[in-house]
Amino acid sequence: MSLFWRIFLLNATVLFAAAGLLLLGPVTISTPVLLTEALILAVGLVAMLTANAALLRVGLAPLQRLTKAMSTTDLLRPGRRPVVSGHAEIAGLIETFNTMLDRLEAERAASSGLALSAQEAERRRIAQELHDEIGQTLTAVLLELKRVADQAPTELRPQLHSVQETTRASLDEIRRIARRLRPGVLEELGLISSLKALANEIAEHTDLTVKRHFDSDLPTLDHETELVLYRVAQEGLTNAVRHSEARRADLTLRTVPGGVDLSVVDDGLGIGAAAEGAGIRGMRERALLIGAELVIGPAPGGGTRVRLHVPAKNGEN
């Protein structure tokens, strides 16, 4: 039965019941209407409206749940689907909505995967060019400056040495940028070594003190998962430096029942009511790419806590 006819029959039932009470009951209507008759009619009207509202609420409750799900759905935060309930039309509508969500999330994951793969490829290309082109050019400039400084008059050598140091600092900065764009340590030495290098680099170039806690019995992870873990840790520590004004951060990677947990906890200002930026959205997209769960919120005692839970794949402990 369609939704229209069910609502119509609900209302018709209430109206027929009211008409039957008027026809078969002892109540009569005088002209003019007496106060007691008016009170009885008012009570009957209230009862009729209450019964009608209760019946409609029961019948339309699945639609209300669906409306709430529609207004709160976020493709970057996959959640529970609305329960398929109600009569045929409403149940079909909820089932269609759930199917649409499945398709949209799958399409979002596929497009995000392509975009992130292209982004990583572009990062590798830029890092390679920085290392090969600009890095080699600055190295040649350093060698030439050294040769000129050795042959220059004594009074010019301090200035030339200052230029050398500036050039050397620029070369180091370019190499640091290239390492952040393309974590070569991750490919060569693995996840733990790359996270240690990341923590050391951030602590060396900023005022942030990074404490590391890594389990030694991590399960075997594929390269894509390791890259997501590295990028989330990188973004979490970068946000702690740039936005949280944190002085200390704890970087933890441990094995938990059912998977692996990565957490970055800082003692900064916290995220408060600020809108999520591109960095956090990027972390959420990366988490969805490997089926992981990302939770960002306040840390105990203040600051921000970023937690990424990577579920174990079949065959992993």
# chains A, B, ... in the order shown; residues from 1 in each chain; ligands from 1

$ select_by_dssp --residues "stretch 200-255 of chain A" --states "helix (DSSP H, G or I)" --output "list in words"
Asn200, Glu201, Ile202, Ala203, Glu204, His205, His223, Glu224, Thr225, Glu226, Leu227, Val228, Leu229, Tyr230, Arg231, Val232, Ala233, Gln234, Glu235, Gly236, Leu237, Thr238, Asn239, Ala240, Val241 and Arg242 of chain A

$ select_by_dssp --residues "stretch 131-231 of chain A" --states "strand (DSSP E)" --output "list in words"
Thr209, Val210, Lys211, Arg212, His213 and Phe214 of chain A

$ closest_residue --among "A:Leu288, A:Leu63, A:Ile126, A:Leu93" --to "A:Arg182" --atoms "only C-alpha atoms"
A:Ile126

$ residues_around --residues "A:Glu235" --least-positions-apart "3" --cutoff "8 Å" --atoms "only C-alpha atoms" --output "PDB file with N, CA and C atoms, in the first residue's frame"
ATOM      1  N   ARG A 231      52.321   9.972   6.285  1.00  0.00           N
ATOM      2  CA  ARG A 231      51.748  11.277   5.939  1.00  0.00           C
ATOM      3  C   ARG A 231      50.867  11.816   7.072  1.00  0.00           C
ATOM      4  N   VAL A 232      50.114  10.938   7.738  1.00  0.00           N
ATOM      5  CA  VAL A 232      49.287  11.390   8.859  1.00  0.00           C
ATOM      6  C   VAL A 232      50.170  11.871  10.005  1.00  0.00           C
ATOM      7  N   THR A 238      53.217  18.629  11.851  1.00  0.00           N
ATOM      8  CA  THR A 238      53.270  19.945  11.202  1.00  0.00           C
ATOM      9  C   THR A 238      52.191  20.867  11.762  1.00  0.00           C
ATOM     10  N   ASN A 239      50.980  20.352  11.957  1.00  0.00           N
ATOM     11  CA  ASN A 239      49.910  21.160  12.544  1.00  0.00           C
ATOM     12  C   ASN A 239      50.240  21.580  13.969  1.00  0.00           C
ATOM     13  N   GLY A 279      44.565  20.240   5.222  1.00  0.00           N
ATOM     14  CA  GLY A 279      45.437  19.217   5.786  1.00  0.00           C
ATOM     15  C   GLY A 279      44.662  18.103   6.469  1.00  0.00           C
ATOM     16  N   ILE A 280      43.661  18.468   7.284  1.00  0.00           N
ATOM     17  CA  ILE A 280      42.869  17.459   7.983  1.00  0.00           C
ATOM     18  C   ILE A 280      42.007  16.679   7.000  1.00  0.00           C
ATOM     19  N   MET A 283      44.106  14.117   5.458  1.00  0.00           N
ATOM     20  CA  MET A 283      44.307  12.959   6.332  1.00  0.00           C
ATOM     21  C   MET A 283      43.093  12.041   6.298  1.00  0.00           C
TER      22      MET A 283
END

$ atom_distance --atom1 "atom CA of A:Gly190" --atom2 "atom CA of A:Arg242"
26.8 Å

$ atom_distance --atom1 "atom CA of A:Val210" --atom2 "atom CA of A:Asp250"
5.8 Å

$ atom_distance --atom1 "atom CA of A:Gly303" --atom2 "atom CA of A:Ala240"
8.9 Å

$ closest_residue --among "A:Leu10, A:Ala249, A:Ala121, A:Val260" --to "A:Leu49" --atoms "only C-alpha atoms"
A:Leu10

$ residues_around --residues "A:Gln128" --least-positions-apart "3" --cutoff "12 Å" --atoms "only C-alpha atoms" --output "JSON, numbers by chain"
{"A": [121, 122, 123, 124, 125, 131, 132, 133, 134, 135, 136, 174, 175, 177, 178, 179, 180, 181, 182, 183, 184]}

$ closest_residue --among "A:Glu293, A:Glu187, A:Glu155, A:Glu105" --to "A:Tyr230" --atoms "only C-alpha atoms"
A:Glu187

$ residues_around --residues "A:Ile192" --least-positions-apart "5" --cutoff "10 Å" --atoms "only C-alpha atoms" --output "VMD selection string"
chain A and resid 185 to 186 197 to 198 214 to 216 218 226 230 253
